[in-house]
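Undergrad: work28.cif (mmCIF, C-alpha atoms) pasted underneath:
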data_my_file
loop_
_atom_site.label_atom_id
_atom_site.label_comp_id
_atom_site.auth_asym_id
_atom_site.auth_seq_id
_atom_site.Cartn_x
_atom_site.Cartn_y
_atom_site.Cartn_z
CA MET A 637 0.00 0.00 0.00
CA SER A 638 1.58 3.29 -1.09
CA MET A 639 1.46 6.41 1.05
CA GLY A 640 0.38 9.65 -0.65
CA CYS A 641 2.56 12.75 -0.17
CA VAL A 642 1.34 15.46 2.15
CA VAL A 643 1.53 18.86 0.46
CA LEU A 644 1.60 21.75 2.87
CA GLN A 645 -0.28 24.76 1.54
CA ALA A 646 0.02 28.36 2.61
CA ASP A 647 -2.59 29.86 4.91
CA PRO A 648 -5.44 31.46 2.97
CA ILE A 649 -5.31 35.21 2.36
CA ARG A 650 -8.44 37.35 2.66
CA VAL A 651 -9.16 39.39 -0.46
CA LEU A 652 -12.00 41.91 -0.59
CA VAL A 653 -13.68 43.05 -3.79
CA THR A 654 -16.25 45.85 -3.45
CA GLY A 655 -18.93 46.48 -6.05
CA ALA A 656 -18.83 42.70 -6.22
CA ALA A 657 -22.17 42.29 -8.03
CA GLY A 658 -21.03 44.61 -10.84
CA GLN A 659 -19.70 43.85 -14.29
CA ILE A 660 -15.99 44.51 -13.58
CA ALA A 661 -16.12 42.15 -10.60
CA TYR A 662 -17.87 39.52 -12.72
CA SER A 663 -14.87 39.53 -15.06
CA LEU A 664 -12.39 39.72 -12.17
CA LEU A 665 -13.44 37.20 -9.54
CA TYR A 666 -12.72 34.03 -11.53
CA SER A 667 -9.14 35.12 -12.24
CA ILE A 668 -8.47 35.86 -8.57
CA ALA A 669 -10.11 32.64 -7.39
CA LYS A 670 -8.20 30.38 -9.79
CA GLY A 671 -4.79 31.74 -8.79
CA ASP A 672 -3.90 34.10 -11.63
CA VAL A 673 -3.20 37.02 -9.28
CA PHE A 674 -1.84 35.88 -5.91
CA GLY A 675 -0.21 32.66 -7.04
CA LYS A 676 -1.05 29.12 -8.08
CA ASP A 677 -0.43 27.74 -4.57
CA GLN A 678 -2.08 30.53 -2.55
CA PRO A 679 -5.50 29.65 -1.08
CA ILE A 680 -8.01 32.49 -1.11
CA ILE A 681 -10.91 33.64 1.04
CA LEU A 682 -12.93 35.96 -1.21
CA VAL A 683 -14.99 38.63 0.53
CA LEU A 684 -17.64 40.20 -1.71
CA LEU A 685 -19.08 43.53 -0.57
CA ASP A 686 -21.94 45.37 -2.20
CA ILE A 687 -24.93 47.53 -1.26
CA PRO A 688 -28.07 45.83 0.15
CA PRO A 689 -30.17 46.00 -3.08
CA MET A 690 -27.45 44.01 -4.89
CA LEU A 691 -27.31 41.10 -2.41
CA PRO A 692 -29.66 38.84 -4.43
CA VAL A 693 -27.39 39.31 -7.48
CA LEU A 694 -24.37 38.64 -5.27
CA ASP A 695 -25.92 35.32 -4.24
CA GLY A 696 -25.89 34.31 -7.91
CA VAL A 697 -22.22 35.29 -8.21
CA VAL A 698 -21.43 33.16 -5.15
CA MET A 699 -23.25 30.19 -6.69
CA GLU A 700 -21.21 30.55 -9.88
CA LEU A 701 -17.93 30.72 -7.98
CA GLN A 702 -18.91 27.59 -6.07
CA ASP A 703 -19.84 25.90 -9.35
CA CYS A 704 -16.38 26.61 -10.79
CA ALA A 705 -15.01 24.07 -8.25
CA LEU A 706 -11.76 25.99 -7.85
CA PRO A 707 -9.29 24.26 -5.51
CA LEU A 708 -7.72 27.48 -4.18
CA LEU A 709 -11.04 29.09 -3.27
CA ARG A 710 -11.55 28.15 0.38
CA GLU A 711 -14.51 30.39 1.20
CA VAL A 712 -16.72 33.05 -0.38
CA ILE A 713 -18.28 35.61 1.96
CA PRO A 714 -20.99 37.87 0.47
CA THR A 715 -21.93 40.84 2.66
CA ASP A 716 -23.19 44.41 2.85
CA LYS A 717 -21.56 45.00 6.27
CA VAL A 718 -18.21 46.82 6.43
CA GLU A 719 -17.27 45.22 9.75
CA LEU A 720 -17.34 41.80 8.07
CA GLY A 721 -16.16 42.97 4.66
CA PHE A 722 -12.99 44.68 5.89
CA LYS A 723 -12.01 42.27 8.68
CA ASP A 724 -8.39 41.00 8.66
CA LEU A 725 -7.82 41.79 4.97
CA ASP A 726 -4.60 41.07 3.13
CA ALA A 727 -5.78 42.82 -0.06
CA ALA A 728 -8.67 45.16 -0.82
CA ILE A 729 -9.79 45.89 -4.37
CA LEU A 730 -12.23 48.80 -4.16
CA VAL A 731 -14.19 48.65 -7.41
CA GLY A 732 -17.51 50.02 -6.21
CA SER A 733 -18.20 53.75 -6.41
CA MET A 734 -21.01 56.13 -7.27
CA PRO A 735 -21.21 56.31 -11.08
CA ARG A 736 -21.79 59.64 -12.77
CA LYS A 737 -25.43 60.06 -13.69
CA GLU A 738 -26.86 62.20 -16.46
CA GLY A 739 -26.95 65.86 -15.48
CA MET A 740 -24.69 65.31 -12.46
CA GLU A 741 -22.05 67.95 -11.84
CA ARG A 742 -18.50 66.65 -11.31
CA LYS A 743 -18.43 68.18 -7.82
CA ASP A 744 -21.62 66.29 -6.89
CA LEU A 745 -20.02 63.05 -8.05
CA LEU A 746 -16.92 63.88 -6.01
CA LYS A 747 -19.00 64.64 -2.92
CA ALA A 748 -20.84 61.29 -3.11
CA ASN A 749 -17.59 59.38 -3.53
CA VAL A 750 -15.81 61.24 -0.73
CA ALA A 751 -18.49 59.88 1.61
CA ILE A 752 -18.08 56.32 0.28
CA PHE A 753 -14.28 56.27 0.43
CA LYS A 754 -14.11 57.97 3.82
CA THR A 755 -16.34 55.16 5.11
CA GLN A 756 -14.20 52.50 3.46
CA GLY A 757 -10.94 54.09 4.61
CA ALA A 758 -12.26 54.22 8.18
CA ALA A 759 -13.30 50.55 7.89
CA LEU A 760 -9.80 49.62 6.68
CA GLU A 761 -8.37 51.51 9.64
CA LYS A 762 -10.64 49.77 12.13
CA TYR A 763 -10.81 46.19 10.81
CA ALA A 764 -8.10 45.36 8.23
CA LYS A 765 -4.52 44.25 8.75
CA LYS A 766 -2.06 47.16 8.80
CA SER A 767 -0.17 45.35 6.03
CA VAL A 768 -3.21 45.35 3.72
CA ARG A 769 -2.57 46.38 0.10
CA VAL A 770 -5.37 48.57 -1.25
CA LEU A 771 -6.19 49.13 -4.92
CA VAL A 772 -8.83 51.76 -5.71
CA VAL A 773 -10.59 51.29 -9.05
CA GLY A 774 -13.83 53.25 -8.57
CA ASN A 775 -13.68 56.69 -10.16
CA PRO A 776 -12.46 59.35 -9.65
CA ALA A 777 -9.88 56.74 -8.65
CA ASN A 778 -6.91 58.95 -7.71
CA THR A 779 -8.86 61.22 -5.39
CA ASN A 780 -10.96 58.37 -3.98
CA CYS A 781 -7.69 56.62 -3.13
CA LEU A 782 -6.32 59.74 -1.41
CA ILE A 783 -9.49 60.07 0.70
CA ALA A 784 -9.37 56.38 1.69
CA SER A 785 -5.72 56.74 2.70
CA LYS A 786 -6.35 59.88 4.75
CA SER A 787 -9.19 58.05 6.51
CA ALA A 788 -6.85 55.19 7.50
CA PRO A 789 -3.92 57.05 9.10
CA SER A 790 -2.34 53.98 10.74
CA ILE A 791 -2.01 52.12 7.41
CA PRO A 792 1.10 53.26 5.50
CA LYS A 793 0.37 55.61 2.57
CA GLU A 794 2.51 53.31 0.43
CA ASN A 795 -0.13 50.57 0.87
CA PHE A 796 -2.67 52.55 -1.16
CA SER A 797 -2.71 52.74 -4.95
CA CYS A 798 -5.17 53.47 -7.73
CA LEU A 799 -5.58 51.78 -11.09
CA THR A 800 -3.86 53.33 -14.10
CA ARG A 801 -2.71 49.96 -15.42
CA LEU A 802 -5.69 49.89 -17.79
CA ASP A 803 -4.41 53.11 -19.38
CA HIS A 804 -0.89 51.66 -19.39
CA ASN A 805 -2.12 48.51 -21.17
CA ARG A 806 -4.06 50.62 -23.67
CA ALA A 807 -0.94 52.65 -24.47
CA ARG A 808 1.20 49.53 -24.78
CA SER A 809 -1.32 47.90 -27.11
CA GLN A 810 -1.67 50.97 -29.35
CA VAL A 811 2.12 51.13 -29.87
CA ALA A 812 2.31 47.37 -30.45
CA MET A 813 -0.45 47.44 -33.07
CA ARG A 814 1.19 50.38 -34.81
CA CYS A 815 4.52 48.51 -34.97
CA GLY A 816 2.99 45.13 -35.86
CA VAL A 817 4.44 43.37 -32.81
CA PRO A 818 2.88 41.54 -29.82
CA ALA A 819 1.95 43.69 -26.82
CA ASP A 820 4.70 42.16 -24.68
CA ALA A 821 7.29 43.43 -27.18
CA VAL A 822 6.56 46.96 -25.89
CA LYS A 823 7.85 47.96 -22.46
CA ASN A 824 8.19 51.05 -20.27
CA VAL A 825 5.32 53.13 -21.53
CA ILE A 826 4.22 55.53 -18.77
CA ILE A 827 0.90 56.95 -17.67
CA TRP A 828 1.49 60.17 -15.74
CA GLY A 829 -1.12 61.75 -13.51
CA ASN A 830 -4.86 61.35 -13.20
CA HIS A 831 -7.02 58.47 -14.43
CA SER A 832 -9.03 60.95 -16.47
CA SER A 833 -8.89 62.56 -19.89
CA THR A 834 -5.96 64.75 -18.68
CA GLN A 835 -3.71 61.71 -18.13
CA TYR A 836 -0.47 61.79 -20.11
CA PRO A 837 0.48 58.57 -21.94
CA ASP A 838 4.23 58.97 -22.52
CA VAL A 839 6.39 56.78 -24.79
CA HIS A 840 9.58 58.86 -24.72
CA HIS A 841 11.20 56.16 -22.55
CA ALA A 842 9.46 53.13 -24.07
CA MET A 843 11.25 50.40 -25.98
CA VAL A 844 9.92 48.10 -28.71
CA ASN A 845 11.41 44.71 -29.54
CA VAL A 846 11.52 44.62 -33.33
CA HIS A 847 12.95 41.41 -34.84
CA GLY A 848 14.83 40.66 -31.61
CA LYS A 849 16.36 44.11 -31.25
CA GLU A 850 15.19 46.75 -28.72
CA VAL A 851 14.41 50.04 -30.44
CA GLU A 852 13.21 53.31 -28.91
CA ALA A 853 9.47 53.66 -29.44
CA TYR A 854 9.78 56.88 -31.45
CA ASN A 855 12.19 55.15 -33.83
CA ALA A 856 10.04 52.02 -34.04
CA VAL A 857 6.80 53.90 -34.75
CA LYS A 858 8.42 56.46 -37.08
CA ASP A 859 5.45 58.84 -36.80
CA ASP A 860 6.06 61.61 -34.27
CA SER A 861 2.86 63.47 -35.11
CA TRP A 862 0.78 60.36 -34.28
CA LEU A 863 2.66 59.76 -31.03
CA LYS A 864 2.15 63.38 -29.95
CA GLY A 865 -1.43 63.60 -31.20
CA ASP A 866 -3.87 60.79 -31.96
CA PHE A 867 -2.02 58.22 -29.84
CA ILE A 868 -2.39 60.37 -26.72
CA SER A 869 -6.03 61.25 -27.33
CA THR A 870 -6.92 57.63 -28.20
CA VAL A 871 -5.59 56.42 -24.85
CA GLN A 872 -7.08 59.35 -22.93
CA LEU A 873 -10.54 58.85 -24.42
CA ARG A 874 -10.56 55.06 -24.79
CA GLY A 875 -12.95 54.52 -21.90
CA ALA A 876 -15.52 56.84 -23.48
CA ALA A 877 -15.08 55.08 -26.83
CA VAL A 878 -15.80 51.70 -25.22
CA ILE A 879 -18.94 53.09 -23.54
CA LYS A 880 -20.12 54.55 -26.86
CA ALA A 881 -19.65 51.19 -28.60
CA ARG A 882 -20.83 48.78 -25.88
CA LYS A 883 -23.24 51.08 -24.00
CA LEU A 884 -21.33 49.77 -20.95
CA SER A 885 -18.00 50.74 -19.45
CA SER A 886 -14.81 48.68 -19.81
CA ALA A 887 -15.08 45.47 -17.79
CA MET A 888 -12.96 42.68 -19.30
CA SER A 889 -9.99 45.00 -19.88
CA ALA A 890 -10.43 46.68 -16.48
CA ALA A 891 -10.47 43.28 -14.75
CA LYS A 892 -7.32 42.22 -16.65
CA ALA A 893 -5.58 45.46 -15.59
CA ILE A 894 -6.57 44.90 -11.94
CA CYS A 895 -5.04 41.42 -12.13
CA ASP A 896 -1.85 42.78 -13.71
CA HIS A 897 -1.56 45.54 -11.07
CA MET A 898 -2.08 43.25 -8.07
CA ARG A 899 0.11 40.45 -9.47
CA ASP A 900 3.00 42.88 -9.98
CA TRP A 901 2.46 44.34 -6.50
CA TRP A 902 2.55 40.84 -5.02
CA PHE A 903 5.41 39.34 -7.05
CA GLY A 904 7.35 42.34 -8.37
CA THR A 905 8.18 43.84 -11.76
CA LEU A 906 10.76 42.40 -14.13
CA ASP A 907 14.31 43.77 -14.05
CA GLY A 908 14.64 46.74 -16.37
CA GLU A 909 10.87 47.30 -16.55
CA PHE A 910 8.55 49.71 -14.85
CA MET A 911 4.76 49.82 -14.73
CA SER A 912 2.28 52.65 -14.16
CA MET A 913 0.54 52.89 -10.79
CA GLY A 914 -1.32 55.70 -9.09
CA VAL A 915 0.69 56.11 -5.87
CA TYR A 916 1.39 58.67 -3.17
CA ALA A 917 3.50 61.44 -4.67
CA GLY A 918 5.49 62.26 -1.51
CA GLY A 919 9.23 62.55 -2.18
CA ASN A 920 8.95 62.23 -5.97
CA SER A 921 11.75 63.70 -8.09
CA TYR A 922 9.52 64.99 -10.89
CA GLY A 923 8.24 68.19 -9.28
CA ILE A 924 4.71 66.84 -8.74
CA PRO A 925 2.87 68.26 -5.68
CA GLU A 926 3.35 65.82 -2.82
CA ASP A 927 -0.09 65.35 -1.27
CA LEU A 928 -1.60 63.61 -4.29
CA ILE A 929 -2.18 60.12 -5.63
CA TYR A 930 -0.52 60.50 -9.04
CA SER A 931 0.36 57.88 -11.64
CA PHE A 932 4.12 57.35 -11.96
CA PRO A 933 6.41 54.71 -13.45
CA VAL A 934 7.22 52.32 -10.61
CA HIS A 935 9.26 49.21 -10.07
CA ILE A 936 8.23 46.76 -7.36
CA LYS A 937 10.16 44.35 -5.15
CA ASN A 938 9.05 42.51 -1.99
CA LYS A 939 5.55 44.02 -2.29
CA SER A 940 7.00 47.57 -2.11
CA TRP A 941 6.95 50.02 -5.00
CA ASN A 942 9.46 52.74 -5.77
CA ILE A 943 9.02 55.55 -8.27
CA HIS A 944 11.50 55.17 -11.12
CA ASP A 945 13.61 58.31 -10.75
CA GLY A 946 15.87 60.19 -13.09
CA LEU A 947 14.01 60.02 -16.39
CA PRO A 948 14.71 63.12 -18.51
CA ILE A 949 11.52 65.14 -19.06
CA ASN A 950 11.24 67.38 -22.13
CA ASP A 951 9.10 70.52 -22.37
CA PHE A 952 6.27 68.69 -24.17
CA SER A 953 6.02 66.12 -21.38
CA ARG A 954 6.48 68.69 -18.61
CA ALA A 955 3.45 70.69 -19.73
CA LYS A 956 1.24 67.60 -19.86
CA MET A 957 2.47 66.27 -16.51
CA ASP A 958 1.76 69.64 -14.90
CA ALA A 959 -1.71 69.93 -16.47
CA THR A 960 -2.88 66.58 -15.06
CA ALA A 961 -1.32 67.48 -11.67
CA ALA A 962 -3.27 70.73 -11.65
CA GLU A 963 -6.53 68.81 -12.17
CA LEU A 964 -5.64 66.49 -9.30
CA VAL A 965 -4.86 69.42 -6.98
CA GLU A 966 -8.26 70.93 -7.78
CA GLU A 967 -10.00 67.57 -7.19
CA ARG A 968 -8.12 67.06 -3.94
CA ASP A 969 -8.96 70.50 -2.59
CA THR A 970 -12.66 70.08 -3.46
CA ALA A 971 -12.71 66.60 -1.89
CA LEU A 972 -10.97 67.75 1.29
CA SER A 973 -13.52 70.54 1.71
CA PHE A 974 -16.26 67.87 1.66
CA LEU A 975 -14.24 65.51 3.87
CA SER A 976 -14.08 67.98 6.75
CA THR A 977 -17.89 68.00 6.98
CA LEU A 978 -18.31 64.21 7.22
CA CYS A 979 -18.21 61.92 10.24
CA PRO A 980 -16.03 58.77 9.88
CA PHE A 981 -18.82 56.25 9.36
CA CYS A 982 -21.32 58.39 7.47
CA SER A 983 -22.12 56.83 4.10
CA THR A 984 -24.52 59.50 2.89
#
Starting from the coordinates I provided, produce the structure as structure tokens.

TA:
Amino acid sequence: MSMGCVVLQADPIRVLVTGAAGQIAYSLLYSIAKGDVFGKDQPIILVLLDIPPMLPVLDGVVMELQDCALPLLREVIPTDKVELGFKDLDAAILVGSMPRKEGMERKDLLKANVAIFKTQGAALEKYAKKSVRVLVVGNPANTNCLIASKSAPSIPKENFSCLTRLDHNRARSQVAMRCGVPADAVKNVIIWGNHSSTQYPDVHHAMVNVHGKEVEAYNAVKDDSWLKGDFISTVQLRGAAVIKARKLSSAMSAAKAICDHMRDWWFGTLDGEFMSMGVYAGGNSYGIPEDLIYSFPVHIKNKSWNIHDGLPINDFSRAKMDATAAELVEERDTALSFLSTLCPFCST
């Protein structure tokens, strides 16, 4: 009689996804649960948070996850309670936010989301592990992330980030298609600034592998007017173009970008490569105001990111980097004026 080997598995990690009944989460949860993000030998407890009216839908999502029969998925916890949703978290992916409705002023949208992300930041502070890694996806993502961080003062600012990897992937793909190469042949594109139409997709430092040789992106593309014009606007406005075509916002590509972002945060970036993340701007070398969440090129090791310093910035780039920073300063100041009027656990 042969004895089977005993394989010791890691302890499960607790991963929260908010807005869990929504379409981004629907594209995201399977990838997390099957091990594409946190590792093929890392058991997962998935915590799914949404608002009370969405709980019946969430029950259907839970049934589907169970029906996938995924070996790494140890438990699925659907809830509308922050004290359960944020308890002992290792990772929090904050997808849910108030969407902009027709006729809604931007400041009204900001005010609604300040309330949501103050509540969630306070819940992270009270219930989550201090080592939790937080990714904010819900828009306006940069400012929502800043509010969440300010509402969780005992969690390091470096543990908060917002998603600009979707923009990064869009930029990478546009250059790859233009050069007729696979997307992974393009590296070191940068998204600077806000996840909005003022973001600056920059390929001045990008490289393209053409027939086995690394070539600067400008030399590979050979069309400076496109790179300084339509390329930038295509990436900036891609989300709106998807909505116009699908009548729904980006979900599959957003979920893929979330997976890319969290996987790199967990396992690190490749040597010689940097990725775009919205991170705390304190101590940056690019002259960006410090008290912002701003998208920079980062490299990651041991679950810690560092801004890639020392890239030369020309006048064209400088103007665009400053313009998106100015928008973020205005958003921040408006949000902070709302924040001062809210109590920590007010959600309205």

Undergrad: Selection in question (the file shown): the PyMOL selection byres ((chain A and resi 775-778) around 10). Which residues does it include, as an MDAnalysis selection string?

TA: chainID A and resid 730:736 742 745:746 749:750 771:774 779:783 797:800 829:832 914:916 928:931 964 967:968

Undergrad: Which residues are near Ala856 of chain A? Cut-off 10 Å, only C-alpha atoms, ignore same chain within fewer than 3 positions. Put them as a PyMOL selection string.

TA: chain A and resi 811-812+814-815+843-846+850-853+859

Undergrad: If we count only C-alpha atoms and set the cut-off at 8 Å, which residues sit around His897 of chain A, ignoring sequence neighbours fewer than 3 positions away in its own chain? Please answer as a list in words.

TA: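 Counting only the stated atoms, we get Leu799, Arg801, Ala893, Ile894, Asp900, Trp901 and Met913 of chain A.
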
Undergrad: For each of A:Gly655, A:Val934, A:Arg650, A:Leu665, take the minimum atom-to-atom distance to Met888 of chain A, counting all atoms listed in the file, then give the residue where this is smallest.

TA: A:Leu665

Undergrad: Tell me which of A:Asn920, A:Pro688, A:Ser833, A:Ser790 sits closest to Ala877 of chain A, counting only C-alpha atoms.

TA: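 Looking only at the distances to Ala877 of chain A, the closest residue turns out to be A:Ser833.
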
Undergrad: Considering all atoms listed in the file, return as a count of residues only whatever protein or nucleic-acid residues lie within 10 Å of Glu794 of chain A, sequence-local ones (same chain, fewer than 2 positions apart) excluded.

TA: 14

Undergrad: Using the chain letters and numbers from the file, give me the residues hit by the PyMOL selection byres ((chain A and resi 694) around 10), as a PDB file with C-alpha atoms, in the coordinates of the input.

TA:
ATOM      1  CA  GLY A 655     -18.930  46.480  -6.050  1.00  0.00           C
ATOM      2  CA  ALA A 656     -18.830  42.700  -6.220  1.00  0.00           C
ATOM      3  CA  ALA A 657     -22.170  42.290  -8.030  1.00  0.00           C
ATOM      4  CA  GLY A 658     -21.030  44.610 -10.840  1.00  0.00           C
ATOM      5  CA  TYR A 662     -17.870  39.520 -12.720  1.00  0.00           C
ATOM      6  CA  LEU A 684     -17.640  40.200  -1.710  1.00  0.00           C
ATOM      7  CA  LEU A 685     -19.080  43.530  -0.570  1.00  0.00           C
ATOM      8  CA  ASP A 686     -21.940  45.370  -2.200  1.00  0.00           C
ATOM      9  CA  ILE A 687     -24.930  47.530  -1.260  1.00  0.00           C
ATOM     10  CA  PRO A 688     -28.070  45.830   0.150  1.00  0.00           C
ATOM     11  CA  PRO A 689     -30.170  46.000  -3.080  1.00  0.00           C
ATOM     12  CA  MET A 690     -27.450  44.010  -4.890  1.00  0.00           C
ATOM     13  CA  LEU A 691     -27.310  41.100  -2.410  1.00  0.00           C
ATOM     14  CA  PRO A 692     -29.660  38.840  -4.430  1.00  0.00           C
ATOM     15  CA  VAL A 693     -27.390  39.310  -7.480  1.00  0.00           C
ATOM     16  CA  ASP A 695     -25.920  35.320  -4.240  1.00  0.00           C
ATOM     17  CA  GLY A 696     -25.890  34.310  -7.910  1.00  0.00           C
ATOM     18  CA  VAL A 697     -22.220  35.290  -8.210  1.00  0.00           C
ATOM     19  CA  VAL A 698     -21.430  33.160  -5.150  1.00  0.00           C
ATOM     20  CA  MET A 699     -23.250  30.190  -6.690  1.00  0.00           C
ATOM     21  CA  GLU A 700     -21.210  30.550  -9.880  1.00  0.00           C
ATOM     22  CA  ILE A 713     -18.280  35.610   1.960  1.00  0.00           C
ATOM     23  CA  PRO A 714     -20.990  37.870   0.470  1.00  0.00           C
ATOM     24  CA  THR A 715     -21.930  40.840   2.660  1.00  0.00           C
TER      25      THR A 715
END

Undergrad: If I take atom CA of Ile752 of chain A and atom CA of Val653 of chain A, how far is one from the other in Å, to one decimal?

TA: 14.6 Å

Undergrad: Please write as a PDB file with C-alpha atoms, in the frame of the given file the full residue list that the PyMOL selection byres ((chain A and resi 677) around 9) yields on this file.

TA:
ATOM      1  CA  GLN A 645      -0.280  24.760   1.540  1.00  0.00           C
ATOM      2  CA  ALA A 646       0.020  28.360   2.610  1.00  0.00           C
ATOM      3  CA  GLY A 671      -4.790  31.740  -8.790  1.00  0.00           C
ATOM      4  CA  PHE A 674      -1.840  35.880  -5.910  1.00  0.00           C
ATOM      5  CA  GLY A 675      -0.210  32.660  -7.040  1.00  0.00           C
ATOM      6  CA  LYS A 676      -1.050  29.120  -8.080  1.00  0.00           C
ATOM      7  CA  GLN A 678      -2.080  30.530  -2.550  1.00  0.00           C
ATOM      8  CA  PRO A 679      -5.500  29.650  -1.080  1.00  0.00           C
ATOM      9  CA  LEU A 708      -7.720  27.480  -4.180  1.00  0.00           C
TER      10      LEU A 708
END

Undergrad: Between A:Gly923, A:Gly908, A:Pro648, A:Gly721, single out the one closest to Ala955 of chain A, counting only C-alpha atoms.

TA: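 Among the listed residues, A:Gly923 lies closest to Ala955 of chain A.
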